[in-house]
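Shown below: entry.cif, with mmCIF, C-alpha atoms.
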data_upload
loop_
_atom_site.label_atom_id
_atom_site.label_comp_id
_atom_site.auth_asym_id
_atom_site.auth_seq_id
_atom_site.Cartn_x
_atom_site.Cartn_y
_atom_site.Cartn_z
CA MET A 1322 116.76 89.62 76.23
CA SER A 1323 119.35 88.66 78.77
CA VAL A 1324 122.90 87.72 77.82
CA ARG A 1325 122.15 84.13 78.80
CA THR A 1326 119.20 83.97 76.40
CA ARG A 1327 121.16 85.58 73.59
CA LEU A 1328 124.06 83.16 74.07
CA THR A 1329 121.62 80.24 74.07
CA LEU A 1330 120.05 81.44 70.81
CA VAL A 1331 123.47 81.89 69.23
CA TYR A 1332 124.61 78.42 70.33
CA GLY A 1333 121.36 76.85 69.15
CA SER A 1334 121.39 78.65 65.79
CA LEU A 1335 124.99 77.69 65.09
CA PHE A 1336 124.33 74.07 66.03
CA MET A 1337 121.22 73.87 63.83
CA ALA A 1338 123.07 75.44 60.90
CA MET A 1339 126.01 73.06 61.22
CA SER A 1340 123.63 70.10 61.65
CA ALA A 1341 121.74 71.10 58.48
CA VAL A 1342 125.03 71.29 56.56
CA LEU A 1343 126.08 67.87 57.92
CA VAL A 1344 122.74 66.26 56.99
CA THR A 1345 122.88 67.75 53.49
CA VAL A 1346 126.44 66.58 52.88
CA THR A 1347 125.66 63.08 54.21
CA TYR A 1348 122.56 62.79 52.04
CA LEU A 1349 124.39 63.88 48.89
CA LEU A 1350 127.30 61.52 49.52
CA THR A 1351 124.89 58.64 50.11
CA VAL A 1352 123.02 59.39 46.87
CA ARG A 1353 126.27 59.61 44.93
CA THR A 1354 127.56 56.34 46.36
CA MET A 1355 124.34 54.47 45.62
CA GLU A 1356 124.17 55.82 42.07
CA ARG A 1357 127.72 54.68 41.38
CA ARG A 1358 127.90 51.22 42.94
CA VAL A 1359 124.40 49.76 42.67
CA PRO A 1360 123.81 50.39 38.90
CA MET A 1361 127.29 49.08 38.02
CA ARG A 1362 126.82 45.86 40.00
CA GLN A 1363 123.27 45.49 38.70
CA ALA A 1364 124.39 45.99 35.07
CA ALA A 1365 127.19 43.41 35.36
CA ASP A 1366 124.86 40.83 36.91
CA SER A 1367 122.21 41.49 34.25
CA THR A 1368 124.67 41.13 31.35
CA ALA A 1369 125.96 37.78 32.62
CA THR A 1370 122.44 36.50 33.20
CA VAL A 1371 121.21 37.57 29.74
CA ALA A 1372 124.18 35.94 28.00
CA GLN A 1373 123.57 32.67 29.83
CA LEU A 1374 119.85 32.69 29.14
CA ARG A 1375 120.36 33.31 25.42
CA LYS A 1376 122.20 30.05 25.22
CA LEU A 1377 119.64 28.02 27.17
CA ALA A 1378 116.21 29.64 26.66
CA SER A 1379 113.77 30.14 23.75
CA PRO A 1380 112.88 33.60 22.39
CA ASP A 1381 109.54 33.71 24.29
CA ALA A 1382 111.17 32.79 27.53
CA MET A 1383 113.81 35.38 26.79
CA ASN A 1384 111.22 38.12 26.38
CA GLN A 1385 109.54 37.08 29.61
CA LEU A 1386 112.83 37.20 31.46
CA MET A 1387 113.63 40.63 30.07
CA ALA A 1388 110.28 41.88 31.36
CA MET A 1389 111.05 40.39 34.76
CA LYS A 1390 114.43 42.12 34.68
CA ALA A 1391 112.81 45.47 33.95
CA GLU A 1392 110.41 44.99 36.86
CA ALA A 1393 113.30 44.07 39.12
CA ASP A 1394 115.17 47.21 38.07
CA ARG A 1395 112.11 49.31 38.81
CA GLN A 1396 111.74 47.76 42.23
CA MET A 1397 115.42 48.31 42.89
CA ALA A 1398 115.10 52.00 42.00
CA GLN A 1399 112.02 52.32 44.25
CA GLN A 1400 113.88 50.68 47.12
CA LYS A 1401 116.78 53.06 46.62
CA GLN A 1402 114.38 56.00 46.69
CA ASP A 1403 112.73 54.66 49.85
CA VAL A 1404 116.11 54.20 51.53
CA LEU A 1405 117.16 57.78 50.71
CA GLN A 1406 113.83 59.18 51.90
CA GLN A 1407 114.04 57.21 55.14
CA LEU A 1408 117.62 58.41 55.63
CA LEU A 1409 116.56 62.02 55.10
CA GLN A 1410 113.61 61.77 57.50
CA SER A 1411 115.65 60.05 60.19
CA SER A 1412 118.42 62.64 59.85
CA LEU A 1413 115.99 65.56 60.16
CA VAL A 1414 114.25 64.08 63.21
CA THR A 1415 117.59 63.33 64.84
CA MET A 1416 118.79 66.85 64.05
CA LEU A 1417 115.68 68.40 65.65
CA VAL A 1418 115.92 66.25 68.79
CA VAL A 1419 119.63 66.85 69.21
CA GLY A 1420 119.05 70.54 68.43
CA VAL A 1421 116.56 70.86 71.28
CA LEU A 1422 119.00 69.08 73.61
CA ALA A 1423 121.77 71.40 72.41
CA VAL A 1424 119.64 74.49 73.18
CA VAL A 1425 118.84 73.21 76.69
CA THR A 1426 122.48 72.28 77.27
CA GLY A 1427 123.60 75.65 75.93
CA TYR A 1428 121.21 77.43 78.30
CA VAL A 1429 122.59 75.52 81.29
CA VAL A 1430 126.22 75.99 80.22
CA ALA A 1431 125.66 79.71 79.55
CA GLY A 1432 124.22 80.06 83.06
CA ARG A 1433 127.26 78.39 84.59
CA MET A 1434 129.60 80.57 82.55
CA LEU A 1435 127.74 83.74 83.55
CA ARG A 1436 127.49 82.79 87.24
CA PRO A 1437 130.63 84.81 88.15
CA LEU A 1438 129.03 87.88 86.56
CA HIS A 1439 125.98 87.38 88.78
CA THR A 1440 128.35 87.32 91.76
CA VAL A 1441 129.89 90.62 90.64
CA THR A 1442 126.44 92.17 90.14
CA ALA A 1443 125.12 90.98 93.52
CA THR A 1444 128.19 92.37 95.29
CA ALA A 1445 127.88 95.70 93.50
CA ARG A 1446 124.23 95.98 94.54
CA ARG A 1447 125.07 95.28 98.19
CA LEU A 1448 127.84 97.85 98.35
CA SER A 1449 127.35 101.30 99.78
CA GLU A 1450 129.54 103.91 101.38
CA SER A 1451 129.29 102.11 104.72
CA ASN A 1452 130.46 98.65 103.56
CA LEU A 1453 133.04 99.35 100.87
CA TYR A 1454 135.32 96.92 102.68
CA GLU A 1455 133.48 93.99 101.04
CA ARG A 1456 135.20 92.38 98.05
CA ILE A 1457 134.19 90.00 95.30
CA ALA A 1458 137.34 87.84 95.65
CA LEU A 1459 136.35 85.74 92.63
CA GLU A 1460 138.12 82.40 92.38
CA GLY A 1461 138.88 80.46 89.22
CA PRO A 1462 141.08 80.69 86.14
CA GLN A 1463 142.56 84.02 85.14
CA ASP A 1464 140.08 84.74 82.35
CA GLU A 1465 138.22 87.87 81.25
CA ILE A 1466 135.57 87.59 83.98
CA LYS A 1467 138.15 87.22 86.75
CA ASP A 1468 140.04 90.22 85.33
CA LEU A 1469 136.80 92.21 85.55
CA ALA A 1470 136.22 91.11 89.16
CA ASP A 1471 139.83 91.92 90.14
CA THR A 1472 139.57 95.35 88.51
CA PHE A 1473 136.33 95.96 90.40
CA ASP A 1474 138.01 94.98 93.67
CA GLY A 1475 140.87 97.37 92.93
CA MET A 1476 138.39 100.19 92.32
CA LEU A 1477 136.69 99.38 95.64
CA ASP A 1478 140.05 99.59 97.41
CA ARG A 1479 140.61 103.08 96.01
CA LEU A 1480 137.07 104.20 96.91
CA ASN A 1481 137.35 102.79 100.41
CA ARG A 1482 140.62 104.64 101.00
CA ALA A 1483 139.09 107.87 99.69
CA PHE A 1484 136.02 107.60 101.93
CA ASP A 1485 138.14 106.66 104.93
CA THR A 1486 140.33 109.70 104.34
CA GLN A 1487 137.26 111.91 104.12
CA ARG A 1488 135.72 110.51 107.30
CA ARG A 1489 138.99 110.81 109.22
CA PHE A 1490 139.33 114.42 108.08
CA VAL A 1491 135.82 115.26 109.29
CA ALA A 1492 136.40 113.52 112.60
CA ASN A 1493 139.82 115.08 113.16
CA ALA A 1494 138.64 118.55 112.17
CA SER A 1495 135.64 118.27 114.48
CA HIS A 1496 137.79 117.14 117.39
CA GLU A 1497 140.26 119.96 116.77
CA LEU A 1498 137.42 122.50 116.76
CA GLN A 1499 135.96 121.23 120.01
CA THR A 1500 138.92 122.41 122.09
CA PRO A 1501 138.74 126.18 121.29
CA LEU A 1502 134.94 126.11 121.59
CA THR A 1503 135.21 124.53 125.03
CA ILE A 1504 137.70 127.23 126.06
CA ASN A 1505 135.39 129.96 124.72
CA ARG A 1506 132.40 128.51 126.56
CA THR A 1507 134.38 128.38 129.80
CA VAL A 1508 135.53 132.01 129.44
CA LEU A 1509 131.98 133.17 128.70
CA GLU A 1510 130.52 131.26 131.65
CA VAL A 1511 133.14 132.83 133.95
CA ALA A 1512 132.25 136.28 132.61
CA LEU A 1513 128.56 135.65 133.24
CA ALA A 1514 129.21 134.40 136.75
CA SER A 1515 131.54 137.27 137.69
CA ARG A 1516 130.00 140.10 139.69
CA LYS A 1517 132.52 142.55 138.28
CA SER A 1518 131.25 142.17 134.71
CA PRO A 1519 129.00 145.05 133.61
CA PRO A 1520 125.49 144.25 132.27
CA GLU A 1521 126.56 144.97 128.68
CA THR A 1522 129.36 142.42 128.96
CA LYS A 1523 127.02 139.83 130.42
CA ALA A 1524 124.47 140.40 127.66
CA LEU A 1525 127.17 140.01 125.02
CA ALA A 1526 128.54 136.92 126.77
CA ASP A 1527 125.05 135.42 126.86
CA VAL A 1528 124.66 135.89 123.08
CA LEU A 1529 128.10 134.47 122.39
CA LEU A 1530 127.39 131.53 124.70
CA GLY A 1531 124.31 130.70 122.63
CA ASN A 1532 126.35 130.84 119.43
CA THR A 1533 129.01 128.65 121.01
CA ALA A 1534 126.37 126.09 122.00
CA ARG A 1535 125.08 126.00 118.40
CA HIS A 1536 128.61 125.52 117.11
CA GLU A 1537 129.15 122.68 119.56
CA ARG A 1538 125.95 121.00 118.38
CA LEU A 1539 127.12 121.41 114.79
CA ILE A 1540 130.45 119.76 115.58
CA GLU A 1541 128.68 116.95 117.42
CA GLY A 1542 126.56 116.50 114.34
CA LEU A 1543 129.68 116.24 112.18
CA LEU A 1544 131.14 113.61 114.51
CA LEU A 1545 127.87 111.71 114.50
CA LEU A 1546 127.69 111.88 110.71
CA ALA A 1547 131.24 110.56 110.38
CA ARG A 1548 130.38 107.72 112.73
CA SER A 1549 127.05 106.83 111.11
CA GLU A 1550 128.62 106.53 107.64
CA ARG A 1551 130.82 103.69 108.85
CA GLU A 1552 129.70 100.13 109.35
CA LEU A 1553 127.66 99.83 112.54
CA GLY A 1554 129.87 98.73 115.39
CA THR A 1555 126.96 98.10 117.77
CA ARG A 1556 123.93 96.00 116.89
CA ALA A 1557 121.41 95.42 119.64
CA GLY A 1558 117.71 94.85 119.93
CA THR A 1559 116.34 98.31 120.70
CA PRO A 1560 112.70 99.07 121.64
CA LEU A 1561 111.55 102.10 119.64
CA PRO A 1562 109.30 103.40 122.48
CA ASP A 1563 112.40 103.70 124.71
CA VAL A 1564 114.20 105.54 121.92
CA VAL A 1565 111.34 108.04 121.61
CA ARG A 1566 111.15 108.58 125.37
CA GLY A 1567 114.86 109.36 125.44
CA ALA A 1568 114.45 111.78 122.53
CA LEU A 1569 111.53 113.49 124.28
CA ASP A 1570 113.74 114.05 127.33
CA HIS A 1571 116.16 115.98 125.09
CA LEU A 1572 113.21 118.00 123.81
CA ASP A 1573 112.16 119.30 127.22
CA GLY A 1574 111.83 123.06 127.13
CA GLN A 1575 112.16 123.31 123.35
CA ASP A 1576 108.60 122.52 122.30
CA GLY A 1577 107.28 125.95 123.34
CA ASP A 1578 103.61 126.33 122.36
CA VAL A 1579 103.63 123.22 120.17
CA ASP A 1580 101.44 120.36 121.38
CA VAL A 1581 103.18 116.96 121.15
CA GLU A 1582 100.92 113.89 121.05
CA VAL A 1583 102.67 110.55 121.67
CA ARG A 1584 101.32 107.07 120.92
CA LEU A 1585 103.93 104.41 121.52
CA SER A 1586 103.13 100.81 120.63
CA PRO A 1587 105.69 98.03 121.14
CA ALA A 1588 108.26 97.79 118.32
CA VAL A 1589 111.81 96.42 118.38
CA VAL A 1590 114.57 97.03 115.83
CA THR A 1591 118.20 95.92 115.63
CA GLY A 1592 120.76 98.72 115.41
CA ASP A 1593 122.89 101.23 117.27
CA PRO A 1594 120.81 102.67 120.16
CA VAL A 1595 122.79 105.93 120.24
CA LEU A 1596 122.34 106.60 116.53
CA LEU A 1597 118.67 105.62 116.70
CA GLU A 1598 118.05 108.03 119.56
CA ARG A 1599 119.89 110.80 117.71
CA CYS A 1600 117.75 110.14 114.65
CA ALA A 1601 114.60 110.46 116.76
CA VAL A 1602 115.93 113.66 118.38
CA ASN A 1603 116.58 115.20 114.95
CA LEU A 1604 113.08 114.32 113.75
CA LEU A 1605 111.41 115.73 116.85
CA GLU A 1606 113.51 118.91 116.88
CA ASN A 1607 112.71 119.57 113.23
CA ALA A 1608 109.02 118.81 113.81
CA VAL A 1609 108.95 121.48 116.54
CA LYS A 1610 111.27 124.00 114.89
CA TYR A 1611 109.59 123.92 111.47
CA ASN A 1612 106.03 124.25 112.68
CA VAL A 1613 103.36 126.91 112.90
CA LYS A 1614 102.45 128.83 116.03
CA GLY A 1615 100.21 126.69 118.21
CA GLY A 1616 100.88 123.70 115.94
CA ARG A 1617 100.89 120.02 116.78
CA VAL A 1618 103.29 117.10 116.49
CA TRP A 1619 102.25 113.44 116.39
CA VAL A 1620 104.78 110.75 117.33
CA ARG A 1621 103.92 107.08 116.81
CA THR A 1622 105.73 103.75 116.98
CA GLY A 1623 104.48 100.28 116.11
CA VAL A 1624 104.65 97.39 113.70
CA ARG A 1625 103.06 97.48 110.25
CA ASP A 1626 103.23 94.64 107.71
CA GLY A 1627 105.85 92.91 109.85
CA ALA A 1628 108.18 95.95 109.97
CA ALA A 1629 108.74 98.30 112.90
CA PHE A 1630 108.23 102.01 112.24
CA LEU A 1631 108.77 105.41 113.87
CA GLN A 1632 106.50 108.13 112.49
CA VAL A 1633 106.78 111.86 113.22
CA VAL A 1634 104.13 114.18 111.71
CA ASN A 1635 103.68 117.90 112.24
CA THR A 1636 101.51 120.79 111.08
CA GLY A 1637 104.37 122.64 109.45
CA ARG A 1638 104.52 124.11 105.97
CA PRO A 1639 104.35 121.37 103.30
CA VAL A 1640 107.56 120.62 101.40
CA PRO A 1641 107.21 120.95 97.59
CA SER A 1642 107.62 117.62 95.83
CA TYR A 1643 110.53 118.89 93.73
CA GLU A 1644 112.51 119.75 96.90
CA VAL A 1645 111.91 116.52 98.82
CA GLY A 1646 115.11 114.88 97.51
CA THR A 1647 117.23 117.87 98.53
CA ILE A 1648 116.32 117.91 102.22
CA PHE A 1649 117.61 114.37 102.73
CA GLU A 1650 121.16 115.58 102.15
CA PRO A 1651 123.18 116.29 105.33
CA PHE A 1652 122.92 119.89 106.65
CA GLN A 1653 120.48 120.95 103.93
CA ARG A 1654 117.47 123.20 104.49
CA LEU A 1655 114.89 124.73 102.20
CA ARG A 1656 115.47 128.08 100.51
CA ALA A 1657 116.89 130.74 102.89
CA ASP A 1658 116.29 128.65 106.02
CA ARG A 1659 119.87 127.42 105.81
CA VAL A 1660 121.38 130.82 106.55
CA GLY A 1661 118.37 133.06 107.21
CA SER A 1662 117.02 131.43 110.37
CA ALA A 1663 118.32 131.35 113.91
#
Rendering of file as structure tokens:
Amino acid sequence: MSVRTRLTLVYGSLFMAMSAVLVTVTYLLTVRTMERRVPMRQAADSTATVAQLRKLASPDAMNQLMAMKAEADRQMAQQKQDVLQQLLQSSLVTMLVVGVLAVVTGYVVAGRMLRPLHTVTATARRLSESNLYERIALEGPQDEIKDLADTFDGMLDRLNRAFDTQRRFVANASHELQTPLTINRTVLEVALASRKSPPETKALADVLLGNTARHERLIEGLLLLARSERELGTRAGTPLPDVVRGALDHLDGQDGDVDVEVRLSPAVVTGDPVLLERCAVNLLENAVKYNVKGGRVWVRTGVRDGAAFLQVVNTGRPVPSYEVGTIFEPFQRLRADRVGSA
């Protein structure tokens, strides 16, 4: 059961218990009061009446009056019993009706009291690494719930600073590494273009130039990763077919003997066009790289169930189900592919 339901049951149970105690005490006090006052007044009235009748009436009339007095006493006792029974029934019905109202009221009040907790929960569910700047900023009295919300906001401040520091480090390190790689690439290109360089030097320069290009792509990937983990700065309506066409242009010359089949149906999404194109490039490059000889790649865009989609399928080796979660981590590959491949 939810906290709201448990609080409602507690409120309702306490109210019913206190109502039962109140009804019991009221009933007992009423019985005690009636037993004390009514018999005393009735006895005094009866004694005065009997004394007066003894002076004025005959013995037969006296006996008849005594019988009438006994019947009156019996009726009085029955009326007292009826009054007490009616009091008890009315009290129980009132207690049940008010108890139901108290449960409903308790449910509503518990919901209003727990509403700030729902705000905290909804904010926590919305948060991710890319929008840690969002805060609960709960308003109201400085009670336990507001203390919890303020503590949560303080924790988000610390996490946001930590993630910002990490992203800045990645970005700064990547930028710092780009400069020496650019210098190396320039030196190697000059060596390849020089007529004085022997063939062995040119062959070595060609290999090093390929390694430098891979390192540059890795650094670009780090920069892109640091950018994509932030909140999107650009949001624009982007046609997915245009994204795929741009990604295919980057793929020219890399598909080798792999047959790429493209079916592009209209589909528009809102996002960063550069990041979307890079995502498509990564998917297509992996579909070609991790494929079999003479394999195929199918690329499709469209709208399904009201949502736009980009689908890339290839004839590569299937990924075991227990390793699917691992390959979605940045820069992760299966088994020895991470360091054993080109």
query: Do you know which residues are at most 7 Å from Ala1629 (chain A) counting all atoms listed in the file, after dropping those on the same chain fewer than 3 positions away, and could you put them as a ChimeraX atom specification?
result: /A:1588-1590,1623-1625
For Ala1431 (chain A), the nearest of the candidates A:Val1581, A:Met1337, A:Val1331, A:Ala1388, counting all atoms listed in the file: A:Val1331
task: Measure the distance from CA of Glu1598 (chain A) to CA of Glu1644 (chain A) in Å and round it to one decimal.
output: 26.1 Å
Applying 8 Å and only C-alpha atoms, which residues near Tyr1454 (chain A) remain after dropping the ones on its own chain fewer than 3 positions away? List them as a JSON list (two decimals) with C-alpha atoms, keeping the file's coordinate frame.
[["chain", "number", "residue", "atom", "x", "y", "z"],
["A", 1477, "LEU", "CA", 136.69, 99.38, 95.64],
["A", 1478, "ASP", "CA", 140.05, 99.59, 97.41],
["A", 1481, "ASN", "CA", 137.35, 102.79, 100.41]]
- prompt: Which neighbours of Leu1409 (chain A) fall inside 9 Å, counting only C-alpha atoms, when residues of the same chain fewer than 4 positions from it are skipped, and could you give them as a list in words?
  reply: Val1344, Thr1345, Tyr1348, Val1404, Leu1405, Leu1413 and Val1414 of chain A
message: Under the PyMOL selection byres ((chain A and resi 1489-1502) around 9), which residues of this model are included? Write them out as JSON, numbers by chain.
response: {"A": [1484, 1485, 1486, 1487, 1488, 1503, 1504, 1505, 1506, 1507, 1533, 1534, 1536, 1537, 1540, 1541, 1543, 1544, 1545, 1546, 1547, 1548]}
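By chain and then residue number, the residues within 12 Å of Arg1584 (chain A) are Leu1561, Pro1562, Val1565, Arg1566, Ala1588, Val1618, Trp1619, Val1620, Arg1621, Thr1622, Gly1623, Leu1631, Gln1632, Val1633 and Val1634 of chain A, counting all atoms listed in the file and disregarding those fewer than 4 positions away in sequence.
Taking CA of Thr1354 (chain A) and CA of Ser1412 (chain A) as the two end points, the separation is 17.5 Å.
For the pair CA of Arg1436 (chain A) and CA of Arg1482 (chain A), the separation is 29.0 Å.
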task: Name the residues, using the chain letters and numbers of the file, that sit within 7 Å of (109.4, 120.1, 119.3) when counting only C-alpha atoms, and give them as a list in words.
output: Leu1572, Gln1575, Asp1576, Val1579, Leu1605, Glu1606, Asn1607, Ala1608, Val1609 and Lys1610 of chain A
query: So, counting all atoms listed in the file, which residue among A:Ser1334, A:Pro1594, A:Thr1329, A:Asp1527 is closest to Ala1568 (chain A)?
result: A:Pro1594
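The environment of Val1595 (chain A) within 12 Å, counting all atoms listed in the file and disregarding residues fewer than 2 places along the same chain, consists of Leu1545, Arg1548, Ser1549, Leu1553, Gly1554, Thr1555, Arg1556, Ala1557, Thr1559, Leu1561, Asp1563, Val1564, Val1565, Gly1567, Ala1568, Thr1591, Gly1592, Asp1593, Leu1597, Glu1598, Arg1599, Cys1600, Ala1601 and Val1602 of chain A.
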Could the residues in this selection be written to a file with C-alpha atoms, as a CSV table (one decimal), in the frame of the given file?
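Okay, this is what ended up in again-v2.csv:
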chain,number,residue,atom,x,y,z
A,1545,LEU,CA,127.9,111.7,114.5
A,1548,ARG,CA,130.4,107.7,112.7
A,1549,SER,CA,127.0,106.8,111.1
A,1553,LEU,CA,127.7,99.8,112.5
A,1554,GLY,CA,129.9,98.7,115.4
A,1555,THR,CA,127.0,98.1,117.8
A,1556,ARG,CA,123.9,96.0,116.9
A,1557,ALA,CA,121.4,95.4,119.6
A,1559,THR,CA,116.3,98.3,120.7
A,1561,LEU,CA,111.6,102.1,119.6
A,1563,ASP,CA,112.4,103.7,124.7
A,1564,VAL,CA,114.2,105.5,121.9
A,1565,VAL,CA,111.3,108.0,121.6
A,1567,GLY,CA,114.9,109.4,125.4
A,1568,ALA,CA,114.4,111.8,122.5
A,1591,THR,CA,118.2,95.9,115.6
A,1592,GLY,CA,120.8,98.7,115.4
A,1593,ASP,CA,122.9,101.2,117.3
A,1597,LEU,CA,118.7,105.6,116.7
A,1598,GLU,CA,118.0,108.0,119.6
A,1599,ARG,CA,119.9,110.8,117.7
A,1600,CYS,CA,117.8,110.1,114.6
A,1601,ALA,CA,114.6,110.5,116.8
A,1602,VAL,CA,115.9,113.7,118.4
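Restricting the calculation to all atoms listed in the file, the smallest distance between Gly1427 (chain A) and any of A:Gly1577, A:Gly1616, A:Pro1519, A:Gly1333 is found for A:Gly1333.
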